Every structure is written in structure tokens, then in C-alpha cells.
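Only one structure is covered here, and it is reproduced in the block below.
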Amino acid sequence: MKLFYPSIIVILFVLSIFDLIVGLINDAVNFLNSAIGSKVASRKIIMIFASLGILLGAFLSSGMMEVARKGVFDPSYFYFSDLTFIFLAVMISDIILLDVFNTLGLPTSTTVSMVFCLLGGAFSIAMIKIASPLSNEPLHHLSQYIKAEKTLTIGIGIFLSILISFFSGAFIHYFIRFLLSFEYKSRLKYVGVIWAAISLSSMTYFLIVRGLHSTLKGFMEDNLTGFSLLIQHFIKWIHHHFFVFLLVLFSTWTLVAKIFVSLGYNILKFVVLYGTFSLAMAFAGNDLVNFIGIPIASLQSYHIWKEAGSPPAERFNMRSLSGNVQVPSIVLIFAGLIMILTLWFSKKTKTIVSTEINLSRQNEGTEKFLSNSLARGIVRFFLYFGNKFFKLFPKRFLVKIEKNFKQKIQNENVAFDLVRASANLTISSILISIATVQKLPLSTTFVTFMVSMGTSLSDRAWDRESAVYRVSGVLKVIRGWFLTGLIAFTMAGITASFLFFVKAWALIFFIFLIGFVFYKSYKSYQKGLSKKFENQKKIFGTDELTLRKTLNKTMDILEPILESIENIYKSSIEGIAKENLKNLQYSRKNFLKVKESFTSIENSLILVIRKTKNSEPISGRLYMRMYNKIKEIIESSDVITNRTLFHVSNSHKPLKYKQKKNLLILEHLMMEHFHLIKKITRNRSSQQVNCTIKIQILKEIEEQMNQQVMGIIHKKYGTKNTLLMLDVLLQSKKITENIEEILLLHTEGLSHISSKKDASFLAF
């Protein structure tokens with residue numbers, strides 16, 4: 001056991017590197033989303049500004065970490081072994097929790113995660129100590145170990161920050177958009193300069209108050225140098241001459257903005273990049289220590305224990321750790337470099353950022369979240385309230401306001417414009433600065449996310465086509481925030497208890513668990529990327545849509561779908577004939593994958609047709625016809641797989657021998673038809689389709705329908721049997737006819753290209 005505690009210290013430092021990585025991935029959304037969403041510059045330039053902010057923030061950070069973490073627990077009531085297990089439980093739980101959120105693409109608060117991990121670990125160990133037979137402590141002494149009232153304050157503060165941030169973003173940005181409108185470039189000369197000066201002034205104040213606040217806190221402890229005294233007096237002067245300082249800032253930035261605009265430069269680009277730098281610096285200066293402070297605290301605990309002569313760890317009290325822990329500057333800079341490397345090379349950062357951008361984007365596109373009943377209720381309520389509210393104002397007044405909210409056609413690759421990006425950063429900076437000065441608990445993640453949602457609401461990005469999905473997405477993210485605290489508390493509590501009782505074997509188990517979680521999340525993420533890539537391959541590029549490209553692309557889409565439908569159809573017919581439930585379940589599962597894959601094609605329909613070349617509008621019509629036929633094939637397969645699985649899983653009577661034989665004959669004909677069609681789609685030939693097999697299939701279906709009717713008349717078949725057979729036969733007929741029509745459209749399209757014949761074949 002001599003090496004047990006030194007080994008834990010080493011493991012904690014290794015874990016802190018992983019915690020830095022997963023923490024940065026999640027927190028990157030705070031300072032990247034506005035710049036990336038507005039495409040203010042290339043991703044490389046944005047990353048450079050964010051990296052400089054992180055590096056400067058790490059350099060200026062004092063590295064002060066409260067071991068009790070805002071009074072969550074009191075170290076003087078714990079032994080050295082207790083604190084070691086608490087710190088280890090915190091790091092393990094925090095890494096796993098944040099990695100899961102990163103893989104799901106959901107932003108959460110690293111501060112909330114850390115606080116509740118500490119609370120859960122401390123609570124668990126405290127309960128074990130109080131419940132011990134050797135202890136005579138009553139249960140109410142738990143309040144001496146844990147500061148529950150402080151945790152409640154943090155929870156209330158966070159809840160209020162969510163509401164305040166959303167409504168502040170919506171309300172303030174409404175007036176900003178009213179003044180600048182979507183055609184803001186023509187107003188940059190005057191209104192734009194004033195707005196830029198306000199933005200830059202507020203972000204500069206935020207940078208000083210939030211970014212240098214921790215630096216001052218560190219200097220005030222000891223080792224006051226001339227430079228530290230200068231900073232101390234400067235910040236005190238700012239607090240005593242607040243309005244004078246703001247006036248100086250506003251005047252300076254107004255002059256700078258005016259010079260930029262007079263030179264023809266879009267000042268809002270500078271505002272967004274400056275805001276990205278400020279938020280990144282504040283993040284590194286204040287939150288970086290959360291990730292590295294735990295192993296530093298554990299190292300200091302170890303030194304205190306060793307200096308005391310290494311007494312029994314289970315009996316050595318840690319009241320000496322009740323003060324603050326100083327993290328060395330070199331460690332903070334090293335941690336900052338790790339975060340910068342993560343920012344540049346981690347692909348998961350893009351996933352987290354895309355969640356917020358997807359929920360706040362101005363243009364059309366695929367919605368990431370499905371609607372739910374609560375979101376639908378909220379949207380209906382506000383539609384009703386809005387109709388009643390706007391009736392209070394004269395129509396002429398409303399029309400005048402609406403002119404400023406009339407949106408221009410914007411680049412599909414840009415989620416929102418620079419006005420909203422600058423508003424996101426400015427409003428977030430103001431709210432965080434106020435909270436810092438007033439010492440109010442809040443999460444920067446919650447503030448930046450909810451401000452972004454509020455500004456998107458003001459910009460009418462949440463219209464009736466998308467509102468229910470966006471609200472549903474926001475509710476899911478908020479639910480995830482509150483679950484973060486609960487899950488962190490529970491995970492850390494269980495982990496600390498396991499470590500307390502099992503010790504070394506528990507540590508080995510959790511190391512392997514972290515490795516397993518990282519491996520599974522990596523595989524899951526790679527699978528998601530591969531799926532996204534496959535979906536993107538099915539969607540047309542940015543080029544104009546021509547008839548030849550339409551034909552080639554639809555064949556690319558049709559070929560894998562036909563391959564899958566063929567296998568699904570074969571499994572379903574053989575499954576119902578042999579009453580093989582496993583076969584039918586496999587068939588249904590495969591079908592749902594095909595249906596999910598087709599969703600990306602469905603969502604891109606409008607975007608694809610908009611790319612139709614003006615000289616060839618026939619391309620859009622052809623693509624719509626092809627899409628419609630493919631959709632009908634998928635719908636028919638849906639009925640077949642669902643009906644056959646329903647029949648067998650509910651243990652209904654099996655089909656008669658004659659029915660099974662007939663279905664297997666039909667299956668054989670359908671397979672021949674599939675093989676022929678696949679050959680044509682693969683070779684992209686313009687040969688006429690051999691209708692012999694199609695005629696045989698339709699004739700066979702007609703004959704089986706007649707046999708079914710005769711069987712009903714003679715009371716051979718019941719209701720369930722008849723409904724099953726009718727669905728299978730009718731949907732088989734639809735699949736055959738739709739495939740034939742697709743190939744006919746393809747053949748006619750090729751003929752139109754070569755001979756420029758009329759497009760009457762595209763009539764619906």
C-alpha cells in the first residue's frame with residue numbers, strides 16, 4: 001500500500017488531461033458559436049483568435065481554486081484517505097459525464113458538473129462516516145460536512161440565469177434588429193458605428209472585470225509586486241468611476257469604429273472576432289482551474305500528509321487544506337496549450353457547436369430535434385397570445401416595424417448574420433459581467449446558449465415551420481442541464497463509495513471503465529460521422545441541377561434502396577411463410593434504417609429543386625417525380641414489414657399451405673424483377689424494360705386475390721388472415737408498378753437529352 005496514494009496522485013494528473021480535453025470540447029460552444037455561425041472569417045482565423053484568448057487567459061489566471069468549491073464541503077471534517085477518494089471520484093465521474101454529453105452533441109456546464117461531482121462525492125463519504133458503527137454522530141451533523149444551502153443558492157442562480165438570459169437576448173436584440181434591420185450594411189455608417197462602440201465597450205469591460213478578476217484575486221493574497229499593485233488600483237478605480245470609464249471606452253471605440261467604416265471595412269467582423277477572443281480569455285482565466293485544481297489539491301494533500309510523517313491515512317485530518325490552492329502558472333499554461341490543441345484537432349467540438357447553430361439558424365434545413373407535446377403546447381400558446389397582443393396596435397404601425405424584419409435571401413451556408421453574432425457576444429458579456437461584479441452564481445454555457453436562443457427568436461428564425469422543433473430542442477438541452485447536476489451527484493457518490501470500500505481494485509475497475517467509455521463514444525461518434533457522410537453523398541452539391549445530373553443522382557439514390565428493399569421483402573415473405581419471428585424482426589429493423597436514411601433525402605427536397613438550372617426546369621420536375629415514386633416504394637415496404645411482424649408477434653393463426661406456396665411463388669417473381677431492375681440501374685442503360693416479368697407479377701397477384709375472395713366465401717380465411725394477405729399483395733403490386741415507373745422516367749429522360757423531345761412524360 002506504500003505506492004497506493006502516490007499512484008493515485010499520478011492517475012489524477014493523467015485524468016486531468018482527459019478532463020481538460022472533454023471540458024474544452026463542451027465549453028468551446030461558449031466562444032465559438034457566434035463566429036462560426038456567422039462565418040465572420042475562415043475557421044482557421046476564428047481558431048487563432050480563440051487560441052490567443054485561451055493562452056492569454058491561462059497566462060493571466062491566478063490559478064486560485066477553492067478546495068471547498070464555493071463552500072460545497074468542509075475539508076476539516078475529512079481524513080486524507082477520504083479526500084483522496086472524493087477527488088478521484090470527481091475526476092472519474094466528470095470525465096465520463098462530459099464525454100457522454102459531447103458524444104450526444106449536447107452542451108452542458110462544466111462548472112455545474114464539477115460542483116455536483118464534489119457535492120456527491122463528499123455527501124457519500126460523509127454518510128459512510130456518520131453511519132459507521134464506530135461513530136456516534138447524529139444525522140444532522142451532515143450539515144457540518146456539506147454546505148447544502150450554498151448548493152441551493154447555486155441551483156436557484158442557475159435557473160434564474162437561464163430565464164434572464166433568454167428574455168434579455170430576445171428583448172434587447174429586437175431593438176437592435178429594428179435599428180439595423182437585415183439590410184444592415186447601408187446603416188453601418190451611423191447606427192452601425194454606435195452599436196459597434198457599445199458592443200466593443202461592453203466586451204472590453206467584460207474582458208477586464210471577468211478576465212482579470214481572478215488575476216487580482218491571486219495577487220491580493222501575497223507577493224504584491226509593482227505590476228500587481230498597478231492592476232489592483234486600476235480595477236478599484238474602475239469600480240469607483242464606473243460611468244467615467246464606460247464613457248472613455250465608448251468614445252475610444254466610437255472613434256475606432258468610425259475609422260474602420262470610413263475605410264470600407266465591416267466593423268461588425270471585428271466586433272465578433274474581438275468578442276470571441278474576450279470570451280475565450282475569460283473562460284481560460286476563470287474555468288481552466290476547475291479542471292486542473294483537483295489534482296493540484298490532491299498533490300497538496302499528499303505533501304501535508306507526508307510532512308506529518310505519513311500517519312495512517314484513515315486517521316489524518318485535513319483541516320490544513322481548508323484554504324485556497326495555488327496552481328503554478330507553468331501548469332496553467334501547459335493546460336492552456338492542451339486545450340488549444342484540443343480546440344484545433346477535436347472533431348467533437350464541431351458537433352457541440354452545430355447543436356446551438358442548428359437551433360438558432362436563420363435559413364431552412366434539417367431539424368435536429370423531433371417535436372414533443374410540451375413544445376407544441378408552448379408554440380400554440382404563444383401563437384394565440386401573439387394574435388391577441390398585436391391586435392392592440394394599429395396595422396400601419398406593425399407594417400412599419402415589419403419592414404425592418406424583412407429578411408433578404410442569404411447564403412445557405414451562413415446560419416445568421418453579423419448583427420446577431422455581435423448581439424450574442426455583447427449581451428452575454430454584459431450579463432456575465434454583472435454576475436461577476438455582484439458575485440452571483442451562473443454558468444457561462446447557460447448564459448451564452450440562452451442568449452443565442454433569445455436572439456434567434458427575435459430574428460423570426462423560429463417561424464411556424466420550425467418553431468416547434470426548435471422549442472423541443474431547447475427544452476431537451478435545458479433538461480440535460482438539470483440532469484447534469486443529478487447525474488454528477490449520483491455518479492460521484494457511487495464512485496466514491498466504491499473506492500472507499502474496495503480501494504485498489506475499484507481504481508483498476510474505473511480506469512478500465514473510462515477506457516471502455518472512451519472507446520464506445522469514439523466508435524459511436526465515428527459511426528455518426530460515417531452516417532452523416534453517406535447522407536451528404538445523397539444530396540446534390542452546390543452546382544446547378546441539370547437533367548443529366550438528376551438522372552445520375554436519382555440512380556445513385558435508387559440503387560442502394562432497391563438493394564435493401566429486395567432483402568427486406570425476401571425476409572418478410574419467408575418470415576411470414578415460416579412464422580420466423582426473428583427473421584421478421586430483422587427485416588423490420590433493416591427497413592427502419594432505410595427509412596431513416598431516406599429522411600435526409602426528404603429534408604433536402606426543396607433545397608435540391610431550388611438548384612434547378614433556369615434553362616432546364618424539367619430537372620426539378622423529374623427529381624420530384626422520382627422522389628415521389630421512391631417514397632411510395634418505401635411506404636409499401638413499411639406496410640409489409642409492419643403487418644407481417646404484427647401478425648406473427650401476436651401469435652395469430654398461420655397462413656394456409658396454399659397461401660404460403662402462393663406467396664413464395666410471388667417472392668420468386670419479385671426477386672427476378674429486382675435483379676433485372678438492379679442491372680439496369682447499375683449499368684445506367686437506356687434499354688426498354690422487359691415488361692414480361694411485371695405482367696407475370698401482376699397476373700399472379702390478381703390470381704391470388706381471386707383465391708382469397710373465394711376462400712372468404714367458403715369460410716376458409718378469417719379477418720386477420722385476409723387483412724394480412726391483402727396488404728402483402730396490394731403493396732407488392734405498388735412496389736412493382738413504382739419501380740417500373742421510375743425506370744420509364746429514366747428512359748424517357750435519357751431520350752429527352754438526346755432528342756430534346758417534349759416533357760409530357762413528366763405530367764403528374
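In the C-alpha cells, chains take letters A, B, ... by order of appearance, with residues numbered from 1 within each chain and ligands from 1 in the order shown.
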Which residues are near Ser202 (chain A)? Cut-off 12 Å, only C-alpha atoms, ignore same chain within fewer than 4 positions. Put them as a PyMOL selection string.
chain A and resi 195-198+206-210+242-243+245-250+253+271+274-275+278-279+422-423+425-434
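For His173 (chain A), the non-local neighbours within 6 Å, defined as residues at least 4 positions apart in the same chain or in other chains and counting only C-alpha atoms, are Gly169, Arg177 and Thr455 of chain A.
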Ala496 (chain A) environment, 8 Å, only C-alpha atoms, sequence neighbours closer than 5 positions dropped, as a compact mmCIF listing (two decimals) with all heavy atoms, in the first residue's frame:
```txt
# COMPACT_ATOMS: atom_id res chain seq x y z
N PHE A 85 -10.21 9.86 -2.13
CA PHE A 85 -11.28 9.13 -2.83
C PHE A 85 -12.32 10.11 -3.43
O PHE A 85 -12.86 9.85 -4.50
CB PHE A 85 -11.96 8.15 -1.89
CG PHE A 85 -11.06 7.04 -1.41
CD1 PHE A 85 -11.10 6.60 -0.10
CD2 PHE A 85 -10.14 6.46 -2.28
CE1 PHE A 85 -10.25 5.59 0.34
CE2 PHE A 85 -9.29 5.45 -1.85
CZ PHE A 85 -9.34 5.01 -0.54
N ILE A 86 -12.58 11.20 -2.71
CA ILE A 86 -13.52 12.21 -3.23
C ILE A 86 -12.97 12.81 -4.52
O ILE A 86 -13.67 12.90 -5.54
CB ILE A 86 -13.79 13.31 -2.19
CG1 ILE A 86 -14.62 12.76 -1.03
CG2 ILE A 86 -14.53 14.49 -2.83
CD1 ILE A 86 -14.77 13.71 0.14
N LEU A 88 -10.71 11.63 -6.55
CA LEU A 88 -10.65 10.62 -7.60
C LEU A 88 -12.04 10.38 -8.20
O LEU A 88 -12.20 10.27 -9.43
CB LEU A 88 -10.08 9.32 -7.02
CG LEU A 88 -9.55 8.26 -8.00
CD1 LEU A 88 -8.54 8.86 -8.96
CD2 LEU A 88 -8.94 7.11 -7.22
N ALA A 89 -13.05 10.31 -7.32
CA ALA A 89 -14.44 10.11 -7.78
C ALA A 89 -14.90 11.28 -8.64
O ALA A 89 -15.60 11.09 -9.65
CB ALA A 89 -15.36 9.95 -6.58
N GLY A 121 -19.61 13.26 -4.14
CA GLY A 121 -18.54 12.50 -3.51
C GLY A 121 -18.43 12.78 -2.03
O GLY A 121 -18.31 11.86 -1.21
N SER A 124 -21.45 11.30 -0.08
CA SER A 124 -21.35 9.85 0.06
C SER A 124 -20.39 9.45 1.18
O SER A 124 -20.72 8.63 2.05
CB SER A 124 -20.89 9.24 -1.28
OG SER A 124 -20.70 7.87 -1.16
N ILE A 125 -19.19 10.05 1.17
CA ILE A 125 -18.20 9.74 2.19
C ILE A 125 -18.68 10.20 3.57
O ILE A 125 -18.49 9.50 4.58
CB ILE A 125 -16.84 10.40 1.86
CG1 ILE A 125 -16.29 9.87 0.52
CG2 ILE A 125 -15.84 10.17 2.98
CD1 ILE A 125 -15.96 8.40 0.51
```
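Each of A:Lys44, A:Lys653, A:Lys403, A:Arg625 was checked against Trp344 (chain A) using only C-alpha atoms; the smallest atom-to-atom distance is that of A:Lys44.
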Of the residues A:Phe73, A:Tyr522, A:Phe101, A:Phe646, which is the one nearest to Ile25 (chain A), using only C-alpha atoms?
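Of A:Phe73, A:Tyr522, A:Phe101, A:Phe646, the one nearest Ile25 (chain A) is A:Phe101, counting only C-alpha atoms.
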So, with only C-alpha atoms as the atoms that count, which of A:Ser329, A:Ser143, A:Thr351, A:Ser251 lies closest to Val193 (chain A)?
A:Ser251
Who sits within 7 Å of region 575-582 of chain A, only C-alpha atoms, same chain under 5 positions skipped, as number ranges by chain
A: 644, 648-649, 660
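Those residues that approach Phe80 (chain A) to within 9 Å, counting only C-alpha atoms, are A:Ser301, A:Tyr302, A:Trp305, A:Pro312, A:Ala313, A:Glu314, A:Arg315, A:Phe316, A:Asn317, A:Met318; same-chain residues fewer than 6 positions away are not listed.
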DSSP on the backbone: what in region 52-286 of chain A comes out alpha helix (DSSP H), as an MDAnalysis selection string?
chainID A and resid 52:60 80:104 110:131 142:145 148:180 193:206 213:219 226:240 242:262 267:286
Check the smallest atom-to-atom distance from each of A:Ile357, A:Leu104, A:Leu442, A:Ile54 to Ile154 (chain A) using only C-alpha atoms, then report the winner.
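Once distances to Ile154 (chain A) are computed over only C-alpha atoms, the minimum belongs to A:Leu442.
Nearest residue to His647 (chain A) among A:Asn404, A:Thr722, A:Ser571, A:Gln300 is A:Thr722, counting only C-alpha atoms.
Candidate residues A:Arg643, A:Arg682, A:Lys368, A:Lys715 were compared for distance to Val728 (chain A), and the nearest is A:Arg643, using only C-alpha atoms.
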Near Lys269 (chain A), counting only C-alpha atoms, which residues have an atom at most 8 Å away, once you skip same-chain residues fewer than 4 positions from it, shown as a VMD selection string?
chain A and resid 40 to 41 273 418
Give me the residues near Gln731 (chain A) as a PyMOL selection string, where near means some atom within 8 Å (using only C-alpha atoms) and where sequence neighbours in that chain fewer than 3 positions away do not count.
chain A and resi 636-637+639-640+727-728+734-735
Could you dump the residues just selected with N, CA and C atoms as a CSV table (one decimal), in the first residue's frame?
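And here's again-v4.csv as it stands now:
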```csv
chain,number,residue,atom,x,y,z
A,636,SER,N,-44.7,1.3,-49.1
A,636,SER,CA,-45.2,0.0,-49.3
A,636,SER,C,-44.4,-1.1,-48.5
A,637,SER,N,-43.1,-0.9,-48.4
A,637,SER,CA,-42.3,-1.8,-47.6
A,637,SER,C,-42.6,-1.6,-46.2
A,639,VAL,N,-45.5,-1.0,-44.8
A,639,VAL,CA,-46.8,-1.7,-44.6
A,639,VAL,C,-46.5,-3.2,-44.5
A,640,ILE,N,-45.7,-3.8,-45.4
A,640,ILE,CA,-45.4,-5.2,-45.5
A,640,ILE,C,-44.6,-5.7,-44.2
A,727,ASP,N,-52.8,-6.8,-47.6
A,727,ASP,CA,-51.7,-5.8,-47.5
A,727,ASP,C,-50.5,-6.3,-48.3
A,728,VAL,N,-50.1,-7.5,-48.1
A,728,VAL,CA,-48.9,-8.0,-48.8
A,728,VAL,C,-49.1,-8.0,-50.3
A,734,LYS,N,-47.9,-2.4,-55.7
A,734,LYS,CA,-47.5,-1.0,-55.8
A,734,LYS,C,-45.9,-0.9,-56.0
A,735,ILE,N,-45.2,-1.7,-55.3
A,735,ILE,CA,-43.7,-1.7,-55.4
A,735,ILE,C,-43.3,-2.0,-56.9
```
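Counting from CA of Lys629 (chain A), the distance to CA of Thr736 (chain A) is 10.8 Å.
For the pair CA of Met626 (chain A) and CA of Thr550 (chain A), the interatomic distance is 9.4 Å.
Between CA of Tyr717 (chain A) and CA of Leu584 (chain A) lies a distance of 22.3 Å.
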